[in-house]
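Text of my_file.cif, listed as mmCIF, C-alpha atoms:
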data_final
loop_
_atom_site.label_atom_id
_atom_site.label_comp_id
_atom_site.auth_asym_id
_atom_site.auth_seq_id
_atom_site.Cartn_x
_atom_site.Cartn_y
_atom_site.Cartn_z
CA MET I 138 10.20 23.93 -11.02
CA LEU I 139 11.20 20.91 -9.00
CA GLY I 140 12.20 17.98 -11.18
CA ARG I 141 9.56 15.27 -11.03
CA LYS I 142 11.96 12.56 -12.25
CA LYS I 143 15.05 12.16 -10.10
CA LEU I 144 18.47 10.65 -10.92
CA LEU I 145 18.36 7.50 -8.81
CA MET I 146 21.38 5.41 -9.89
CA ILE I 147 24.26 7.55 -8.62
CA LYS I 148 27.35 6.51 -6.72
CA SER I 149 27.63 8.28 -3.37
CA THR I 150 30.73 10.39 -3.87
CA PRO I 151 30.82 13.99 -2.59
CA PHE I 152 31.25 15.32 -6.15
CA VAL I 153 28.34 13.36 -7.61
CA LEU I 154 26.10 14.20 -4.67
CA ALA I 155 26.74 17.89 -5.26
CA ILE I 156 25.76 17.55 -8.92
CA ALA I 157 22.68 15.49 -8.00
CA THR I 158 21.50 18.28 -5.71
CA ILE I 159 21.65 20.76 -8.57
CA VAL I 160 19.86 18.45 -11.02
CA THR I 161 17.14 17.71 -8.48
CA TYR I 162 16.24 21.39 -8.48
CA GLY I 163 16.31 21.69 -12.27
CA TYR I 164 13.17 21.85 -14.37
CA GLU I 165 14.52 20.09 -17.47
CA PHE I 166 12.56 16.87 -16.95
CA GLY I 167 9.27 18.59 -16.19
CA PRO I 168 7.73 19.97 -13.00
CA ASP I 169 5.74 18.26 -10.30
CA PRO I 170 1.98 18.58 -10.79
CA GLY I 171 0.28 21.38 -8.91
CA TYR I 172 2.20 24.50 -9.96
CA THR I 173 -0.10 26.20 -12.49
CA ALA I 174 -1.63 28.57 -9.88
CA ALA I 175 -5.05 27.06 -10.66
CA PRO I 176 -7.43 26.84 -7.66
CA GLY I 177 -5.96 24.13 -5.44
CA ASP I 178 -2.51 24.40 -7.04
CA ASN I 179 0.26 26.43 -5.46
CA GLY I 180 -0.80 30.05 -5.95
CA SER I 181 2.70 31.29 -6.81
CA GLY I 182 3.17 28.90 -9.72
CA CYS I 183 6.68 27.65 -10.42
CA MET I 184 8.20 30.12 -7.97
CA ALA I 185 7.23 27.79 -5.13
CA SER I 186 9.34 24.93 -6.47
CA GLY I 187 12.54 26.39 -5.09
CA CYS I 188 14.49 26.97 -8.30
CA HIS I 189 12.45 29.80 -9.87
CA THR I 190 12.72 32.62 -7.39
CA ASP I 191 11.38 35.65 -9.24
CA VAL I 192 7.85 36.87 -8.51
CA PRO I 193 5.55 35.62 -11.34
CA ASN I 194 4.92 37.98 -14.27
CA THR I 195 7.64 40.44 -13.23
CA GLY I 196 10.16 39.48 -15.93
CA GLY I 197 10.29 40.85 -19.44
CA GLY I 198 8.40 38.01 -21.07
CA SER I 199 5.03 36.27 -21.05
CA VAL I 200 3.14 33.02 -21.41
CA LYS I 201 0.11 32.69 -23.68
CA ILE I 202 -2.54 30.00 -24.26
CA VAL I 203 -4.17 29.68 -27.70
CA ALA I 204 -7.01 27.20 -28.29
CA SER I 205 -8.04 26.20 -31.80
CA GLY I 206 -11.67 26.80 -30.81
CA GLY I 207 -10.94 30.32 -29.57
CA THR I 208 -12.88 30.87 -26.37
CA ILE I 209 -15.53 28.24 -27.19
CA TYR I 210 -15.55 24.47 -26.71
CA VAL I 211 -17.87 21.85 -28.13
CA PRO I 212 -18.43 19.01 -25.65
CA GLY I 213 -16.41 15.96 -26.68
CA GLN I 214 -14.74 17.71 -29.67
CA THR I 215 -10.91 17.71 -29.55
CA GLN I 216 -9.02 20.98 -29.87
CA GLN I 217 -5.35 21.77 -30.36
CA ILE I 218 -3.88 23.85 -27.55
CA GLN I 219 -0.67 25.87 -27.85
CA VAL I 220 1.30 27.35 -24.96
CA THR I 221 3.93 29.91 -25.96
CA ILE I 222 6.59 31.17 -23.56
CA THR I 223 8.35 34.33 -24.76
CA ASP I 224 11.42 35.95 -23.19
CA SER I 225 14.19 37.14 -25.52
CA THR I 226 16.68 37.43 -22.64
CA LYS I 227 16.52 33.68 -21.85
CA ARG I 228 17.56 30.49 -23.62
CA LYS I 229 15.36 27.63 -22.41
CA TYR I 230 11.61 27.42 -21.80
CA GLY I 231 9.15 25.15 -20.02
CA PHE I 232 5.50 25.08 -18.98
CA GLU I 233 2.71 23.30 -17.11
CA LEU I 234 -1.04 23.47 -17.90
CA SER I 235 -4.19 22.13 -16.27
CA ALA I 236 -7.85 22.31 -17.42
CA ARG I 237 -10.49 22.82 -14.71
CA ILE I 238 -14.29 22.94 -14.56
CA ASP I 239 -15.13 26.37 -13.14
CA SER I 240 -17.90 25.11 -10.87
CA ALA I 241 -15.41 22.97 -8.88
CA PRO I 242 -11.88 23.88 -10.04
CA LYS I 243 -10.06 22.37 -7.06
CA MET I 244 -11.50 18.91 -7.66
CA MET I 245 -12.72 18.54 -11.24
CA GLY I 246 -10.33 18.30 -14.16
CA ALA I 247 -11.96 19.27 -17.44
CA GLY I 248 -11.71 16.62 -20.12
CA THR I 249 -8.50 14.90 -21.26
CA LEU I 250 -5.07 16.29 -22.13
CA THR I 251 -3.05 14.31 -24.71
CA SER I 252 0.54 14.67 -25.92
CA THR I 253 0.88 14.85 -29.71
CA ASP I 254 4.69 14.82 -29.96
CA ALA I 255 7.78 13.95 -27.94
CA ASN I 256 8.01 17.36 -26.25
CA THR I 257 5.34 16.94 -23.54
CA ASP I 258 4.20 14.49 -20.89
CA VAL I 259 0.78 14.09 -19.27
CA ILE I 260 0.54 13.34 -15.54
CA ASP I 261 -2.40 13.01 -13.22
CA CYS I 262 -3.07 12.12 -9.61
CA LYS I 263 -3.34 8.44 -10.44
CA THR I 264 0.11 8.20 -12.05
CA ALA I 265 2.20 5.65 -10.18
CA GLY I 266 5.32 6.99 -8.53
CA VAL I 267 4.39 10.67 -8.75
CA VAL I 268 4.58 12.61 -5.50
CA PRO I 269 2.83 15.91 -6.34
CA PHE I 270 2.81 19.24 -4.57
CA ALA I 271 1.16 18.74 -1.19
CA GLY I 272 -2.58 19.27 -1.55
CA SER I 273 -2.67 19.17 -5.35
CA CYS I 274 -4.38 15.75 -5.40
CA PRO I 275 -7.33 15.95 -2.97
CA SER I 276 -9.26 12.73 -2.50
CA GLY I 277 -11.85 12.06 -5.20
CA ASN I 278 -10.45 14.55 -7.72
CA THR I 279 -10.04 14.09 -11.48
CA LEU I 280 -7.14 16.53 -11.94
CA GLN I 281 -4.62 16.23 -14.75
CA TRP I 282 -1.63 18.25 -15.98
CA ILE I 283 0.49 18.41 -19.15
CA GLU I 284 4.04 19.76 -19.14
CA HIS I 285 7.33 19.97 -21.04
CA ASN I 286 9.80 17.11 -20.76
CA ILE I 287 13.56 16.88 -21.33
CA THR I 288 13.11 16.60 -25.11
CA GLY I 289 10.96 19.72 -25.33
CA TYR I 290 13.28 21.58 -22.99
CA MET I 291 16.38 20.75 -25.07
CA ARG I 292 14.63 21.75 -28.32
CA SER I 293 13.54 25.15 -26.99
CA ALA I 294 15.59 28.15 -28.10
CA PRO I 295 15.39 31.97 -27.99
CA PRO I 296 13.35 34.09 -28.24
CA SER I 297 10.39 31.81 -27.45
CA ALA I 298 9.08 28.26 -27.42
CA THR I 299 5.65 26.89 -28.32
CA TYR I 300 4.35 23.59 -27.01
CA SER I 301 1.39 21.97 -28.81
CA PHE I 302 -0.91 19.20 -27.61
CA ASN I 303 -4.55 18.13 -27.75
CA TRP I 304 -7.37 18.68 -25.30
CA THR I 305 -10.72 16.90 -25.47
CA PRO I 306 -13.47 18.63 -23.42
CA PRO I 307 -15.94 16.63 -21.32
CA ALA I 308 -18.58 14.84 -23.37
CA THR I 309 -21.37 16.99 -21.90
CA ASN I 310 -21.84 20.70 -21.24
CA VAL I 311 -20.25 21.37 -17.83
CA GLY I 312 -20.39 25.15 -18.01
CA THR I 313 -17.33 27.34 -18.32
CA ILE I 314 -13.88 25.77 -18.23
CA THR I 315 -10.57 27.50 -17.53
CA LEU I 316 -7.13 26.47 -18.76
CA TYR I 317 -4.40 27.54 -16.32
CA ALA I 318 -0.74 27.66 -17.37
CA ALA I 319 2.59 28.50 -15.78
CA GLY I 320 5.59 29.12 -18.02
CA ASN I 321 9.25 29.60 -17.19
CA ALA I 322 12.22 31.01 -19.06
CA GLY I 323 15.79 30.43 -17.92
CA SER I 324 19.43 30.60 -18.86
CA GLY I 325 19.76 26.88 -19.58
CA ALA I 326 22.67 26.58 -17.18
CA LEU I 327 22.92 23.54 -14.91
CA LEU I 328 22.65 25.83 -11.91
CA VAL I 329 19.36 27.45 -12.82
CA GLY I 330 20.10 30.93 -11.50
CA ASN I 331 17.82 33.75 -12.62
CA THR I 332 14.71 32.12 -14.06
CA ASP I 333 11.50 34.03 -14.72
CA THR I 334 8.03 32.58 -14.15
CA TYR I 335 4.84 33.68 -15.92
CA LEU I 336 1.19 32.80 -15.22
CA THR I 337 -1.91 33.02 -17.41
CA SER I 338 -5.35 31.49 -17.92
CA LEU I 339 -7.94 31.13 -20.68
CA GLN I 340 -11.66 30.70 -19.99
CA LEU I 341 -13.71 28.68 -22.47
CA SER I 342 -17.50 28.69 -22.75
CA PRO I 343 -19.62 25.84 -24.10
CA ALA I 344 -20.91 26.25 -27.63
CA GLY I 345 -24.56 27.16 -28.03
CA GLY I 346 -27.04 24.32 -28.17
CA GLY I 347 -29.54 22.53 -26.02
CA ASN I 348 -32.72 24.05 -24.67
CA PRO I 349 -32.71 27.75 -23.78
CA PRO I 350 -33.54 28.78 -20.20
CA THR I 351 -37.00 29.91 -19.12
CA ILE I 352 -38.10 31.76 -15.97
CA GLY I 353 -41.46 30.89 -14.46
CA THR I 354 -44.19 33.49 -14.06
CA GLY I 355 -43.43 35.41 -10.88
CA GLY I 356 -40.38 33.17 -10.54
CA VAL I 357 -38.01 35.78 -9.07
CA VAL I 358 -38.58 35.97 -5.30
CA PRO I 359 -36.73 36.37 -2.00
CA VAL I 360 -35.54 32.99 -0.71
CA TYR I 361 -38.33 31.22 1.24
CA SER I 362 -40.84 33.75 -0.12
CA ALA I 363 -43.35 33.90 -2.97
CA VAL I 364 -43.48 37.70 -3.37
CA ASN I 365 -42.23 39.02 -6.72
CA THR I 366 -40.45 41.92 -5.01
CA ILE I 367 -36.81 41.98 -3.91
CA GLN I 368 -34.39 44.31 -2.18
CA PRO I 369 -30.92 45.13 -3.56
CA GLY I 370 -28.39 42.96 -1.73
CA GLU I 371 -31.08 40.37 -0.85
CA TRP I 372 -30.72 36.62 -1.28
CA VAL I 373 -33.07 35.71 -4.11
CA SER I 374 -34.34 32.51 -5.77
CA ILE I 375 -35.17 32.19 -9.47
CA TYR I 376 -37.39 29.28 -10.54
CA GLY I 377 -37.72 27.98 -14.09
CA THR I 378 -36.38 25.38 -16.52
CA ASN I 379 -32.95 24.86 -18.16
CA LEU I 380 -31.47 27.51 -15.87
CA ALA I 381 -28.17 25.58 -15.77
CA SER I 382 -26.68 22.45 -17.32
CA GLY I 383 -26.33 20.85 -13.89
CA ASN I 384 -25.97 21.60 -10.19
CA ALA I 385 -23.13 23.83 -9.00
CA THR I 386 -22.46 25.54 -5.65
CA TRP I 387 -20.13 28.45 -4.95
CA ASN I 388 -17.03 28.31 -2.75
CA GLY I 389 -18.08 31.37 -0.76
CA ASP I 390 -16.39 33.61 -3.33
CA PHE I 391 -19.44 35.46 -4.76
CA PRO I 392 -18.95 34.41 -8.43
CA THR I 393 -20.94 36.12 -11.18
CA THR I 394 -20.74 32.98 -13.36
CA LEU I 395 -21.38 29.52 -11.94
CA GLY I 396 -21.75 26.29 -13.87
CA GLY I 397 -21.97 28.23 -17.12
CA THR I 398 -24.88 30.36 -15.85
CA SER I 399 -24.89 34.11 -15.18
CA VAL I 400 -27.64 36.46 -13.98
CA LYS I 401 -28.16 40.18 -14.31
CA VAL I 402 -30.67 42.25 -12.34
CA ASN I 403 -31.37 45.60 -13.97
CA ASN I 404 -28.29 44.95 -16.18
CA LYS I 405 -26.03 44.49 -13.14
CA PRO I 406 -24.26 41.14 -12.50
CA ALA I 407 -25.57 39.17 -9.53
CA SER I 408 -23.45 36.97 -7.24
CA LEU I 409 -24.41 33.31 -7.58
CA TRP I 410 -24.59 30.91 -4.65
CA PHE I 411 -26.26 27.89 -6.29
CA VAL I 412 -27.45 26.95 -9.78
CA SER I 413 -29.44 23.98 -11.06
CA PRO I 414 -31.72 23.34 -14.05
CA THR I 415 -34.79 24.47 -12.07
CA GLN I 416 -33.52 26.90 -9.42
CA ILE I 417 -30.89 29.61 -8.93
CA ASN I 418 -30.00 31.21 -5.60
CA LEU I 419 -28.19 34.54 -5.82
CA GLN I 420 -27.48 37.80 -4.06
CA ALA I 421 -29.04 40.73 -5.91
CA PRO I 422 -26.55 43.47 -6.81
CA ASP I 423 -26.58 46.89 -5.20
CA ASP I 424 -28.89 49.32 -6.99
CA THR I 425 -30.53 52.67 -6.29
CA ALA I 426 -33.40 51.99 -8.70
CA THR I 427 -36.92 51.15 -7.55
CA GLY I 428 -39.82 49.74 -9.50
CA ILE I 429 -39.99 47.03 -12.15
CA VAL I 430 -36.64 45.93 -13.62
CA ASN I 431 -35.48 43.13 -15.93
CA VAL I 432 -33.88 39.91 -14.71
CA ASP I 433 -31.77 38.04 -17.29
CA VAL I 434 -30.52 34.45 -16.94
CA THR I 435 -27.88 33.50 -19.51
CA THR I 436 -26.55 30.03 -20.34
CA ALA I 437 -24.71 28.60 -23.34
CA ALA I 438 -28.12 27.93 -24.93
CA GLY I 439 -29.47 31.47 -24.69
CA THR I 440 -30.95 34.11 -22.38
CA ALA I 441 -34.28 34.21 -20.53
CA THR I 442 -35.72 37.53 -19.38
CA SER I 443 -38.29 38.19 -16.69
CA THR I 444 -39.13 41.08 -14.37
CA VAL I 445 -39.13 41.79 -10.66
CA THR I 446 -39.94 44.80 -8.53
CA LEU I 447 -37.01 46.44 -6.73
CA ALA I 448 -37.94 47.97 -3.38
CA GLN I 449 -36.13 49.27 -0.31
CA ALA I 450 -37.31 46.25 1.67
CA SER I 451 -38.85 42.83 0.98
CA PRO I 452 -38.54 40.90 4.25
CA SER I 453 -38.57 37.11 4.47
CA PHE I 454 -37.77 34.84 7.41
CA LEU I 455 -35.42 31.91 6.86
CA LEU I 456 -37.08 28.58 7.68
CA LEU I 457 -36.08 25.23 9.16
CA ASP I 458 -38.90 23.47 7.30
CA ALA I 459 -42.06 24.63 5.55
CA LYS I 460 -43.15 26.89 8.43
CA HIS I 461 -40.80 27.02 11.47
CA VAL I 462 -38.62 30.11 11.61
CA ALA I 463 -34.84 29.67 11.66
CA ALA I 464 -33.84 30.97 15.08
CA LEU I 465 -31.66 30.35 18.11
CA ILE I 466 -32.42 30.59 21.83
CA ALA I 467 -29.52 32.22 23.67
CA ARG I 468 -28.34 30.30 26.75
CA THR I 469 -26.24 32.46 29.04
CA ASP I 470 -26.07 29.67 31.63
CA GLY I 471 -24.29 27.26 29.28
CA SER I 472 -27.21 24.80 29.13
CA GLY I 473 -27.66 24.87 25.33
CA ALA I 474 -27.18 21.84 23.11
CA TYR I 475 -25.04 23.72 20.60
CA GLY I 476 -22.16 26.15 20.50
CA GLY I 477 -20.51 24.82 23.62
CA GLY I 478 -23.74 25.35 25.55
CA THR I 479 -24.36 28.90 24.30
CA TYR I 480 -27.59 28.23 22.39
CA ASP I 481 -30.41 25.89 21.44
CA ILE I 482 -32.08 25.72 18.02
CA LEU I 483 -35.68 26.96 18.24
CA GLY I 484 -38.32 24.46 17.12
CA PRO I 485 -40.75 21.86 18.40
CA THR I 486 -39.19 20.23 21.46
CA GLY I 487 -37.60 16.94 20.38
CA THR I 488 -36.06 15.71 17.14
CA SER I 489 -38.99 15.92 14.73
CA LEU I 490 -36.91 18.08 12.35
CA GLY I 491 -34.09 15.54 12.28
CA TYR I 492 -31.99 17.19 15.00
CA LYS I 493 -32.56 18.48 18.51
CA THR I 494 -34.75 21.58 18.78
CA VAL I 495 -36.40 23.27 21.77
CA ALA I 496 -39.62 25.31 22.01
CA ALA I 497 -39.20 28.78 23.52
CA LYS I 498 -40.85 30.13 26.66
CA ALA I 499 -41.50 33.54 28.21
CA GLY I 500 -38.25 35.27 29.13
CA ASP I 501 -36.19 33.55 26.43
CA THR I 502 -34.13 35.75 24.10
CA LEU I 503 -34.44 34.65 20.48
CA GLU I 504 -32.18 35.38 17.53
CA LEU I 505 -34.38 35.30 14.41
CA PHE I 506 -32.79 35.15 10.94
CA GLY I 507 -34.10 36.60 7.71
CA ILE I 508 -33.39 38.69 4.63
CA GLY I 509 -34.63 41.90 3.02
CA PHE I 510 -35.24 44.00 6.14
CA GLY I 511 -34.16 47.25 4.48
CA PRO I 512 -31.11 49.52 4.35
CA THR I 513 -28.58 49.59 7.16
CA ASN I 514 -26.18 52.09 8.66
CA PRO I 515 -23.43 51.52 7.77
CA ALA I 516 -24.40 50.15 4.38
CA VAL I 517 -23.21 46.60 3.65
CA PRO I 518 -22.25 46.19 -0.04
CA ALA I 519 -23.50 43.18 -1.97
CA GLY I 520 -21.08 40.67 -3.45
CA HIS I 521 -18.66 40.67 -0.52
CA ALA I 522 -18.22 38.80 2.73
CA PHE I 523 -19.25 40.69 5.87
CA SER I 524 -18.65 40.18 9.57
CA GLY I 525 -20.04 42.57 12.13
CA ALA I 526 -23.32 44.26 12.98
CA ALA I 527 -24.99 46.92 10.81
CA PRO I 528 -28.33 48.06 12.32
CA THR I 529 -31.36 48.70 10.13
CA MET I 530 -32.19 52.32 9.39
CA ASN I 531 -35.94 51.69 9.67
CA SER I 532 -37.70 50.15 12.65
CA VAL I 533 -38.64 46.48 12.44
CA GLN I 534 -41.92 45.49 14.11
CA ILE I 535 -42.37 41.94 15.39
CA GLN I 536 -45.65 40.24 16.29
CA VAL I 537 -45.97 36.81 17.93
CA HIS I 538 -49.53 35.53 18.28
CA GLY I 539 -50.72 39.10 17.62
CA VAL I 540 -48.59 40.59 20.43
CA SER I 541 -46.17 43.34 19.38
CA ILE I 542 -42.55 42.96 20.51
CA THR I 543 -39.86 45.62 20.12
CA PRO I 544 -36.58 44.08 18.92
CA LEU I 545 -33.45 44.43 21.03
CA PHE I 546 -31.47 44.52 17.75
CA ALA I 547 -32.23 44.27 14.05
CA GLY I 548 -29.53 44.43 11.41
CA VAL I 549 -27.14 42.68 9.03
CA THR I 550 -24.63 40.31 10.64
CA ALA I 551 -23.35 38.49 7.50
CA ALA I 552 -23.59 39.04 3.75
CA GLY I 553 -27.28 39.68 3.06
CA LEU I 554 -28.30 38.03 6.37
CA TYR I 555 -30.32 39.91 9.01
CA GLN I 556 -30.53 38.99 12.68
CA ILE I 557 -33.41 40.18 14.86
CA ASN I 558 -33.15 39.71 18.63
CA ILE I 559 -36.29 39.68 20.79
CA THR I 560 -37.19 38.68 24.33
CA LEU I 561 -40.49 36.81 24.63
CA PRO I 562 -43.09 38.31 27.01
CA GLN I 563 -45.73 36.40 28.98
CA GLY I 564 -49.09 35.43 27.50
CA LEU I 565 -48.14 34.23 24.02
CA GLY I 566 -49.69 30.77 24.34
CA THR I 567 -48.10 27.41 23.54
CA GLY I 568 -47.49 25.33 20.43
CA ASP I 569 -46.90 26.82 16.99
CA GLN I 570 -47.84 30.49 17.08
CA PRO I 571 -47.83 32.92 14.10
CA LEU I 572 -44.79 35.16 13.65
CA VAL I 573 -44.89 38.28 11.45
CA ALA I 574 -42.33 41.05 10.91
CA THR I 575 -43.02 44.39 9.23
CA VAL I 576 -40.59 46.99 7.89
CA LEU I 577 -41.36 49.90 5.56
CA ASN I 578 -44.94 48.58 5.25
CA ALA I 579 -43.70 45.25 3.85
CA GLN I 580 -44.46 42.01 5.73
CA THR I 581 -42.79 38.62 6.01
CA GLN I 582 -44.50 35.39 4.93
CA SER I 583 -47.92 34.85 6.56
CA THR I 584 -47.31 31.12 7.18
CA VAL I 585 -44.29 31.38 9.52
CA VAL I 586 -44.61 30.10 13.08
CA VAL I 587 -42.56 30.05 16.26
CA ALA I 588 -42.72 27.01 18.56
CA LEU I 589 -43.62 27.92 22.16
CA GLN I 590 -43.98 25.94 25.38
#
I'd like the structure from this file rewritten - as structure tokens, please.
Amino acid sequence: MLGRKKLLMIKSTPFVLAIATIVTYGYEFGPDPGYTAAPGDNGSGCMASGCHTDVPNTGGGSVKIVASGGTIYVPGQTQQIQVTITDSTKRKYGFELSARIDSAPKMMGAGTLTSTDANTDVIDCKTAGVVPFAGSCPSGNTLQWIEHNITGYMRSAPPSATYSFNWTPPATNVGTITLYAAGNAGSGALLVGNTDTYLTSLQLSPAGGGNPPTIGTGGVVPVYSAVNTIQPGEWVSIYGTNLASGNATWNGDFPTTLGGTSVKVNNKPASLWFVSPTQINLQAPDDTATGIVNVDVTTAAGTATSTVTLAQASPSFLLLDAKHVAALIARTDGSGAYGGGTYDILGPTGTSLGYKTVAAKAGDTLELFGIGFGPTNPAVPAGHAFSGAAPTMNSVQIQVHGVSITPLFAGVTAAGLYQINITLPQGLGTGDQPLVATVLNAQTQSTVVVALQ
């Protein structure tokens, strides 16, 4: 690991400069922050510093984190943390650890790390004079690290070394927290040579307490819908109380735990997009079952169980507001207001929605967006990113102002997202006109409209 503290008062002789170069790349004084391989830190751990060149976790040793509370934390209650680096073939050992809130690990440090002896130092992004790994201190973060120092390094000896310190969790329940640690084991020579790096992590859950979650009656529905029927792989909303300790949003990584909340549909983990005390948005897991199944929401305070009907299709249009469908008007002539002229956003002409929208007219080709329009070929698995076009296996029927329109295309174009392309015929009227889609005898919301001119 790159030395964070440099030897500054050195005479400029060729011999001394050569020694200074070696010491600069030593890890005796403690590493720069940002090398634990936590989200936002350098993913290769200490290997990236330039002196530890082996691929992490390929040596004969290990690094281990032990918390006095096991895998549980009580908000505001201090725990002792121990980091043990083991490698019987080496002579000196060091480490770096950071605690992160799982709902925003790149930005939110979890609680406070405190040295309890002379073997460790605490550093954070506000420490004067520290120049951390590029990107490890994004603006507005609360990140903090603890690491060995020269005293701890000199005291370490084969076959292992254990560093102890205190960690005080946040004063309130912030959901799951992960401790990330990088350890290194080396020869102890001035020229570092063959040094092994090891990475590990320990996830901690908040202790039980607080009010248990509840799910409202009929509170499991497709997003923008009120029907208590969902399709596997569909984006779904759950409404209730105490569903999470606070608000948390995913990083596009399809987590099954977010902000200390997890959801199972028919005993299968769902991918969470957003959680809050009163609403959860998730992608239902893949499932071949149909009929009524259980939905379980679990937090540190307990589990709430409700039911929902699984079906092959449960279509719902995405909306711009309470009634206007989310859709684009393709502009092949480059006259659109968005996408470099390639499209307009469909809506009442003007800025009544807070941004520019345009009502459609006969001859326009619309791209309508929704969820739950049935199975596709090829199948698109839930819980993963998707880019492409997977057509629906069953025909989708569209009606605008009671006039049937055959789609040019209907299928999945992103994870759980369907796109339906239609060209508007003459004679549909003007203003807000009703829009309904049907697939496998299931219909979209009855209140959706399309703005026409």
*How would you write, as number ranges by chain, the residues chosen by the PyMOL selection byres ((chain I and resi 548-559) around 6) on this structure?*
I: 370-371, 502-508, 522-529, 544-547, 560
_Residue among I:Ser472, I:Asn379, I:Asn365, I:Gln582 lying closest to Val432 in chain I, counting all atoms listed in the file_ =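 Smallest distance to Val432 in chain I is found for I:Asn365.
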*Apply the PyMOL selection byres ((chain I and resi 200) around 7) to the file shown and report the selected residues as a VMD selection string.*
chain I and resid 199 201 220 to 223 320 335 to 337
*Could you name the residues that touch range 401-413 of chain I at 10 Å or less, counting all atoms listed in the file, but leaving out those on the same chain fewer than 6 positions away, as an MDAnalysis selection string?*
chainID I and resid 240 369:370 372:395 419:424 426 429:435 442:445 447 519:521
*For CA of Trp304 in chain I and CA of Asn194 in chain I, determine how far apart the two atoms are, in Å to one decimal place.*
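For CA of Trp304 in chain I relative to CA of Asn194 in chain I, the distance reads 25.4 Å.
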Exercise on range 567-583 of chain I, axis-aligned box with 4 Å per side, report centre and edge lengths in Å to one decimal, as lines of an AutoDock Vina configuration file:
center_x = -44.3
center_y = 37.6
center_z = 13.7
size_x = 15.5
size_y = 32.6
size_z = 27.7
